[in-house]
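input.txt (compact mmCIF, C-alpha atoms) appears below.
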```txt
# COMPACT_ATOMS: atom_id res chain seq x y z
CA MET A 1 138.17 103.57 106.92
CA VAL A 2 138.03 99.78 106.94
CA LEU A 3 138.47 97.12 109.60
CA THR A 4 141.82 95.41 109.94
CA GLN A 5 142.07 91.62 109.99
CA LYS A 6 142.11 91.69 113.80
CA GLY A 7 139.13 94.02 113.72
CA HIS A 8 137.12 91.54 111.66
CA VAL A 9 137.96 88.77 114.13
CA PHE A 10 136.87 91.01 117.01
CA LEU A 11 133.63 91.98 115.23
CA ARG A 12 132.69 88.33 114.68
CA SER A 13 133.14 87.73 118.40
CA ILE A 14 130.94 90.63 119.54
CA GLU A 15 128.37 90.68 116.72
CA GLU A 16 125.84 88.68 118.74
CA ALA A 17 126.24 90.99 121.74
CA LEU A 18 125.76 94.06 119.54
CA GLN A 19 122.60 92.54 118.11
CA ILE A 20 121.20 91.94 121.61
CA ILE A 21 121.94 95.57 122.50
CA ARG A 22 120.15 96.82 119.36
CA GLU A 23 117.12 94.67 120.10
CA ALA A 24 117.01 95.87 123.70
CA LYS A 25 117.06 99.50 122.56
CA ALA A 26 114.23 98.78 120.12
CA GLN A 27 112.12 97.15 122.84
CA ALA A 28 112.78 100.05 125.20
CA SER A 29 111.48 102.56 122.65
CA ALA A 30 108.63 100.41 121.36
CA GLY A 31 105.89 102.51 122.92
CA ASN A 32 107.40 105.96 122.45
CA VAL A 33 106.77 107.10 118.89
CA THR A 34 106.80 110.76 119.89
CA ASP A 35 110.29 110.33 121.37
CA ALA A 36 111.82 109.27 118.05
CA ARG A 37 114.38 111.78 116.80
CA TYR A 38 115.57 110.34 113.49
CA LEU A 39 114.04 107.92 110.99
CA GLN A 40 115.42 106.82 107.64
CA LEU A 41 113.13 105.24 105.06
CA GLY A 42 113.79 103.68 101.68
CA ALA A 43 111.35 102.59 98.97
CA ILE A 44 111.32 101.43 95.38
CA GLU A 45 109.87 103.98 92.97
CA ASP A 46 106.69 101.89 92.61
CA PHE A 47 105.33 103.64 95.72
CA GLU A 48 106.57 107.18 95.26
CA SER A 49 103.67 108.72 93.32
CA ASP A 50 100.88 108.23 95.90
CA ILE A 51 101.87 106.05 98.84
CA MET A 52 105.11 107.62 100.04
CA PRO A 53 103.92 111.25 99.95
CA GLU A 54 100.87 110.28 102.03
CA LEU A 55 103.09 108.33 104.44
CA ALA A 56 105.49 111.27 104.79
CA VAL A 57 102.68 113.63 105.76
CA HIS A 58 101.27 111.09 108.22
CA LEU A 59 104.62 110.46 109.93
CA SER A 60 105.36 114.18 110.18
CA GLN A 61 102.07 114.65 112.01
CA LYS A 62 102.50 111.65 114.32
CA MET A 63 106.22 112.18 114.99
CA PRO A 64 106.63 115.97 115.19
CA ASN A 65 110.05 115.83 116.86
CA CYS A 66 111.56 113.43 114.34
CA ASP A 67 113.91 114.25 111.47
CA PHE A 68 113.23 112.12 108.39
CA ALA A 69 115.41 110.97 105.53
CA TYR A 70 113.80 109.32 102.50
CA HIS A 71 115.62 107.40 99.76
CA THR A 72 114.39 105.98 96.45
CA ALA A 73 116.39 103.01 95.20
CA SER A 74 116.12 99.55 93.68
CA SER A 75 115.10 96.58 95.84
CA ARG A 76 118.65 95.25 95.99
CA GLU A 77 119.98 98.66 96.99
CA ILE A 78 117.37 99.04 99.72
CA ILE A 79 118.23 95.65 101.21
CA GLY A 80 121.90 96.61 101.13
CA MET A 81 121.16 99.93 102.86
CA LEU A 82 119.23 98.09 105.58
CA ARG A 83 122.12 95.71 106.16
CA ASN A 84 124.54 98.63 106.38
CA ARG A 85 122.16 100.42 108.81
CA GLU A 86 121.82 103.33 106.38
CA ILE A 87 118.02 103.14 106.68
CA ASP A 88 115.64 101.77 109.32
CA LEU A 89 112.74 100.60 107.16
CA GLY A 90 112.49 99.73 103.50
CA LEU A 91 109.72 99.00 101.01
CA ALA A 92 111.05 96.56 98.45
CA SER A 93 110.35 93.51 96.36
CA SER A 94 111.00 90.34 98.31
CA PRO A 95 114.12 88.56 97.03
CA SER A 96 114.09 84.89 96.08
CA GLU A 97 116.53 84.03 98.87
CA GLN A 98 115.58 84.28 102.55
CA ILE A 99 116.65 87.44 104.38
CA LYS A 100 118.09 86.07 107.63
CA ASP A 101 119.62 89.23 109.10
CA LEU A 102 116.58 91.49 108.61
CA ASN A 103 112.89 91.36 109.52
CA GLU A 104 110.65 90.92 106.48
CA HIS A 105 106.90 91.52 106.62
CA ALA A 106 104.97 90.55 103.48
CA LEU A 107 102.80 93.45 102.37
CA LEU A 108 101.32 93.02 98.89
CA ARG A 109 100.88 90.25 96.34
CA ASP A 110 101.41 91.87 92.94
CA PRO A 111 100.73 89.41 90.08
CA PHE A 112 102.38 89.73 86.70
CA VAL A 113 100.18 90.64 83.75
CA LEU A 114 100.55 91.22 80.02
CA VAL A 115 100.07 94.77 78.77
CA VAL A 116 99.36 95.45 75.08
CA PRO A 117 98.32 98.56 73.15
CA ALA A 118 94.60 99.32 73.45
CA GLY A 119 92.60 98.19 70.44
CA ILE A 120 94.89 95.28 69.59
CA GLU A 121 92.69 92.21 69.13
CA VAL A 122 95.04 89.39 69.98
CA SER A 123 95.08 86.68 72.65
CA SER A 124 97.63 86.73 75.46
CA ASP A 125 98.92 83.30 74.36
CA VAL A 126 99.75 84.65 70.90
CA VAL A 127 101.48 87.67 72.42
CA LEU A 128 103.53 85.64 74.86
CA LYS A 129 104.73 83.27 72.11
CA GLY A 130 105.95 86.22 70.05
CA GLN A 131 103.39 85.73 67.27
CA SER A 132 101.61 89.08 67.53
CA GLY A 133 104.06 91.06 65.39
CA LEU A 134 104.77 93.35 68.34
CA PRO A 135 108.21 93.45 69.98
CA PHE A 136 108.70 92.58 73.64
CA LEU A 137 109.61 95.63 75.74
CA GLN A 138 111.22 94.64 79.02
CA PHE A 139 112.72 95.93 82.25
CA SER A 140 116.47 96.37 82.49
CA SER A 141 118.18 93.11 83.38
CA HIS A 142 119.81 94.50 86.56
CA LEU A 143 116.39 94.95 88.20
CA MET A 144 114.91 92.25 90.45
CA ILE A 145 111.57 92.40 88.59
CA ALA A 146 113.35 91.65 85.30
CA ASN A 147 115.05 88.61 86.84
CA GLN A 148 111.70 87.29 88.10
CA ILE A 149 110.11 87.66 84.66
CA GLU A 150 113.09 86.12 82.90
CA ALA A 151 113.09 83.13 85.25
CA GLN A 152 109.39 82.49 84.63
CA LEU A 153 109.79 82.67 80.86
CA LYS A 154 112.65 80.18 81.05
CA ARG A 155 110.53 77.82 83.16
CA LEU A 156 107.86 77.97 80.45
CA GLY A 157 110.43 77.36 77.72
CA LEU A 158 109.81 80.74 76.11
CA ALA A 159 112.48 82.92 74.56
CA SER A 160 112.62 86.59 75.47
CA PRO A 161 114.48 88.51 72.74
CA LYS A 162 115.94 91.70 74.15
CA THR A 163 114.34 94.15 71.74
CA PHE A 164 114.24 97.04 74.19
CA GLU A 165 115.27 97.35 77.85
CA CYS A 166 114.40 100.17 80.22
CA ALA A 167 114.61 100.73 83.97
CA SER A 168 111.60 103.06 83.97
CA ASN A 169 108.11 101.59 84.17
CA GLN A 170 106.65 104.89 82.95
CA THR A 171 108.73 104.74 79.77
CA LEU A 172 107.70 101.14 79.11
CA MET A 173 104.00 101.99 79.54
CA ALA A 174 104.40 105.05 77.30
CA MET A 175 105.86 102.91 74.53
CA VAL A 176 103.18 100.23 74.86
CA SER A 177 100.39 102.82 74.79
CA SER A 178 101.95 104.25 71.63
CA GLY A 179 101.67 100.86 69.92
CA LEU A 180 105.40 100.16 69.92
CA GLY A 181 105.27 96.79 71.68
CA TRP A 182 104.02 94.80 74.65
CA ALA A 183 105.34 94.24 78.14
CA ILE A 184 105.06 92.07 81.23
CA THR A 185 104.44 94.21 84.29
CA SER A 186 102.15 94.27 87.35
CA PRO A 187 98.88 95.95 88.44
CA LEU A 188 100.75 98.18 90.89
CA LEU A 189 102.99 99.48 88.13
CA VAL A 190 100.10 99.94 85.71
CA SER A 191 98.27 101.95 88.37
CA ARG A 192 101.24 104.34 88.53
CA ALA A 193 101.07 105.00 84.79
CA GLN A 194 97.77 106.89 84.93
CA ARG A 195 98.77 109.14 82.08
CA PHE A 196 99.02 106.18 79.68
CA GLN A 197 96.25 103.89 80.94
CA ALA A 198 93.79 104.87 78.20
CA GLY A 199 96.20 103.38 75.65
CA LEU A 200 96.72 100.09 77.51
CA THR A 201 94.88 96.77 77.68
CA ILE A 202 95.72 94.39 80.53
CA HIS A 203 95.54 90.61 80.12
CA PRO A 204 96.09 87.88 82.73
CA PHE A 205 99.40 86.11 82.34
CA PRO A 206 98.57 82.88 80.46
CA ASP A 207 99.71 79.43 81.46
CA LYS A 208 101.24 79.31 84.92
CA GLN A 209 100.55 82.63 86.62
CA PHE A 210 103.13 84.13 88.96
CA ALA A 211 103.53 87.16 91.18
CA ARG A 212 106.03 89.18 93.13
CA THR A 213 105.72 89.94 96.84
CA LEU A 214 106.33 93.46 98.06
CA SER A 215 107.45 93.64 101.67
CA LEU A 216 108.15 96.07 104.46
CA ILE A 217 111.64 95.18 105.64
CA THR A 218 113.21 96.50 108.84
CA THR A 219 116.45 96.25 110.74
CA PRO A 220 116.24 94.12 113.93
CA ASP A 221 116.64 97.26 116.06
CA CYS A 222 113.76 99.18 114.47
CA ALA A 223 111.28 100.21 117.18
CA GLY A 224 108.08 98.18 117.10
CA SER A 225 105.90 101.27 117.54
CA VAL A 226 107.48 102.92 114.51
CA PHE A 227 107.00 99.78 112.42
CA ASP A 228 103.33 99.57 113.44
CA LEU A 229 102.77 103.22 112.54
CA VAL A 230 104.35 102.83 109.10
CA ASN A 231 102.77 99.45 108.40
CA ASP A 232 99.22 100.54 109.28
CA LYS A 233 99.40 103.70 107.18
CA ILE A 234 100.96 102.01 104.16
CA ARG A 235 98.35 99.25 104.15
CA ALA A 236 95.50 101.77 104.35
CA ALA A 237 97.01 103.89 101.58
CA ILE A 238 97.60 100.91 99.26
CA SER A 239 94.05 99.68 99.81
CA THR A 240 92.52 103.08 99.01
CA ARG A 241 94.90 104.51 96.44
CA VAL A 242 95.86 101.39 94.50
CA ILE A 243 93.81 98.27 95.08
CA ALA A 244 90.31 99.79 94.96
CA PRO A 245 90.87 101.63 91.62
CA VAL A 246 92.50 98.55 90.07
CA TYR A 247 89.52 96.38 91.05
CA GLN A 248 87.18 98.84 89.36
CA SER A 249 89.03 98.69 86.04
CA ALA A 250 90.02 95.00 86.20
CA PRO A 251 87.72 93.06 88.58
CA TRP A 252 89.33 89.76 87.52
CA LEU A 253 92.35 90.78 89.63
CA GLU A 254 90.41 90.66 92.92
CA LYS A 255 91.64 87.18 93.85
CA SER A 256 95.29 87.69 92.94
CA PHE A 257 96.12 91.35 93.68
CA SER A 258 95.78 91.78 97.43
CA LEU A 259 97.33 92.76 100.74
CA LEU A 260 99.12 89.99 102.65
CA GLY A 261 99.28 89.24 106.34
```
For this file, produce the structure as structure tokens.
Amino acid sequence: MVLTQKGHVFLRSIEEALQIIREAKAQASAGNVTDARYLQLGAIEDFESDIMPELAVHLSQKMPNCDFAYHTASSREIIGMLRNREIDLGLASSPSEQIKDLNEHALLRDPFVLVVPAGIEVSSDVVLKGQSGLPFLQFSSHLMIANQIEAQLKRLGLASPKTFECASNQTLMAMVSSGLGWAITSPLLVSRAQRFQAGLTIHPFPDKQFARTLSLITTPDCAGSVFDLVNDKIRAAISTRVIAPVYQSAPWLEKSFSLLG
């Protein structure tokens, strides 16, 4: 079912009133986490190995009367689901454009790094300029992370030949660890590829460094108490499960890989 032309005109007229009603409902339920009956969450796969399972257990304990729905999707899909009110909270990469109709809370600064096969004695500058003899393995072009990397390479005047594209970070890390090429990724994504870490060497991105921001994004009518519960647990889990181990293996990331806010 879709709105008619008159329906669209009517919706534009009452949209502000509907928004005020949603915000009033959120404020009314701000202190009643145990009263919540249904919560829908969405997250990019970057968090699904450690963070989301721990969050799911925590929420089930704190909100025993609540039914949960959890979705894994790309950042663009999660933002679309939030706008369509298909989910209440989403963990996603912050888009380049401002999100005016949703509430965005910056969560993690995740800098981009170069990853090469372990044992390869070559500088990051040589790798980035395509002079290492290894092909560039990259994320699929429809992903937000691929667009961020591509934009940075263009700003630096560097070509990025599309030798191999893949939507799976695990597959990229498997190929790099097998000596089949190099990739641009992030500490969070490297931390997920525990199975392949022994075959990887991480280098800082040379020249002008850049990073992506991962955010917790909510609809305007999401209850404040629910947001606080999710936000506090996610931050604690990221600090323990991700940041601390990364600092141990790559202490030079301490100033650039960190929680925000």
*Spatial neighbours of Ile99 (chain A), 10 Å, only C-alpha atoms, chain gap at least 4 places, as number ranges by chain*: A: 79, 94-95, 103-104, 217
Hey, which bits of region 39-129 of chain A sit within 12 Å of region 193-196 of chain A, and for each residue what's the closest pair of atoms and how far apart in Å (one decimal), counting only C-alpha atoms, rows by chain and increasing number, as CSV?
```
residue,atom,partner,partner_atom,distance
A:Asp46,CA,A:Ala193,CA,10.1
A:Phe47,CA,A:Ala193,CA,11.8
A:Ser49,CA,A:Ala193,CA,9.7
A:Asp50,CA,A:Gln194,CA,11.5
A:Val115,CA,A:Phe196,CA,11.5
A:Val116,CA,A:Phe196,CA,11.7
A:Pro117,CA,A:Phe196,CA,10.1
A:Ala118,CA,A:Phe196,CA,10.3
```
*Which neighbours of region 87-93 of chain A fall inside 7 Å, counting all atoms listed in the file, when residues of the same chain fewer than 2 positions from it are skipped, and could you give them as a PyMOL selection string?*
chain A and resi 39-44+75+78+81-82+85+95+212-219+222
With C-alpha atoms retained, export the selected residues as a short mmCIF file (atom, residue, chain, number, x, y, z; two decimals), in the coordinates of the input.
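Final output, saved to again_27.cif:
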```
data_model
loop_
_atom_site.label_atom_id
_atom_site.label_comp_id
_atom_site.auth_asym_id
_atom_site.auth_seq_id
_atom_site.Cartn_x
_atom_site.Cartn_y
_atom_site.Cartn_z
CA LEU A 39 114.04 107.92 110.99
CA GLN A 40 115.42 106.82 107.64
CA LEU A 41 113.13 105.24 105.06
CA GLY A 42 113.79 103.68 101.68
CA ALA A 43 111.35 102.59 98.97
CA ILE A 44 111.32 101.43 95.38
CA SER A 75 115.10 96.58 95.84
CA ILE A 78 117.37 99.04 99.72
CA MET A 81 121.16 99.93 102.86
CA LEU A 82 119.23 98.09 105.58
CA ARG A 85 122.16 100.42 108.81
CA PRO A 95 114.12 88.56 97.03
CA ARG A 212 106.03 89.18 93.13
CA THR A 213 105.72 89.94 96.84
CA LEU A 214 106.33 93.46 98.06
CA SER A 215 107.45 93.64 101.67
CA LEU A 216 108.15 96.07 104.46
CA ILE A 217 111.64 95.18 105.64
CA THR A 218 113.21 96.50 108.84
CA THR A 219 116.45 96.25 110.74
CA CYS A 222 113.76 99.18 114.47
#
```
_Closest of A:Ala223, A:Ala146, A:Val113, A:Val2 to Lys208 (chain A) - atom-to-atom distances counting all atoms listed in the file_ =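 Of all the options, A:Val113 lies closest to Lys208 (chain A).
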_I want to know what sits within 9 Å of region 131-133 of chain A, based on all atoms listed in the file, with residues of the same chain fewer than 6 positions away left out; could you give that as a PyMOL selection string?_
chain A and resi 122-123+125+181
*Distance CA of Leu3 (chain A)-CA of Asn84 (chain A), one decimal place?*
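That distance, rounded to one decimal, is 14.4 Å.
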*Just give me the gap between CA of Val246 (chain A) and CA of Ser191 (chain A) in Å, one decimal is fine.*
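These two atoms are separated by 6.9 Å.
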*For Pro135 (chain A), the nearest of the candidates A:Ala151, A:Ala183, A:Val190, A:Cys166, counting only C-alpha atoms*: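 Of all the options, A:Ala183 lies closest to Pro135 (chain A).
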*Using all atoms listed in the file, which residue out of A:Leu143, A:Ala174, A:Val9, A:Leu200 lies closest to Gly119 (chain A)?*
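Result for the nearest residue to Gly119 (chain A): A:Leu200.
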*Taking into account all atoms listed in the file, which residue in the set A:Pro220, A:Asn231, A:Glu165, A:Ile202 is nearest to Arg83 (chain A)?*
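With all atoms listed in the file as the atom set, the closest residue is A:Pro220.
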*Any idea what the distance is between CA of Lys100 (chain A) and CA of Phe139 (chain A)?*
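Answer for the CA of Lys100 (chain A) to CA of Phe139 (chain A) separation: 27.8 Å.
Between Ala56 (chain A) and the candidates A:Val127, A:Ala237, A:Val242, A:Leu156, the tightest atom-to-atom separation, counting all atoms listed in the file, involves A:Ala237.
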*In file coordinates, which residues lie within 6 Å of (97.9, 87.5, 80.9) using all atoms listed in the file, given as a VMD selection string?*
chain A and resid 113 to 114 124 203 to 206
*So which residues touch Leu59 (chain A) within 10 Å, counting all atoms listed in the file, skipping near sequence neighbours fewer than 2 positions away, as a PyMOL selection string?*
chain A and resi 33+39+54-57+61-64+66+68+226+229-230+233
Could those selected residues go to a file with C-alpha atoms, as a PDB file, in the frame of the given file?
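Saved result, out.pdb, follows:
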```
ATOM      1  CA  VAL A  33     106.770 107.100 118.890  1.00  0.00           C
ATOM      2  CA  LEU A  39     114.040 107.920 110.990  1.00  0.00           C
ATOM      3  CA  GLU A  54     100.870 110.280 102.030  1.00  0.00           C
ATOM      4  CA  LEU A  55     103.090 108.330 104.440  1.00  0.00           C
ATOM      5  CA  ALA A  56     105.490 111.270 104.790  1.00  0.00           C
ATOM      6  CA  VAL A  57     102.680 113.630 105.760  1.00  0.00           C
ATOM      7  CA  GLN A  61     102.070 114.650 112.010  1.00  0.00           C
ATOM      8  CA  LYS A  62     102.500 111.650 114.320  1.00  0.00           C
ATOM      9  CA  MET A  63     106.220 112.180 114.990  1.00  0.00           C
ATOM     10  CA  PRO A  64     106.630 115.970 115.190  1.00  0.00           C
ATOM     11  CA  CYS A  66     111.560 113.430 114.340  1.00  0.00           C
ATOM     12  CA  PHE A  68     113.230 112.120 108.390  1.00  0.00           C
ATOM     13  CA  VAL A 226     107.480 102.920 114.510  1.00  0.00           C
ATOM     14  CA  LEU A 229     102.770 103.220 112.540  1.00  0.00           C
ATOM     15  CA  VAL A 230     104.350 102.830 109.100  1.00  0.00           C
ATOM     16  CA  LYS A 233      99.400 103.700 107.180  1.00  0.00           C
TER      17      LYS A 233
END
```
*Pick out the residues sitting within 9 Å of Leu259 (chain A), and hand them over as a ChimeraX atom specification; count all atoms listed in the file, and ignore anything fewer than 5 positions along from it in its own chain.*
/A:106-110,235,238-239,243
*Nearest to Lys255 (chain A) by atom-to-atom distance, counting all atoms listed in the file, from A:Met173, A:Ser140, A:Ala198, A:Pro111*: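 Result for the nearest residue to Lys255 (chain A): A:Pro111.
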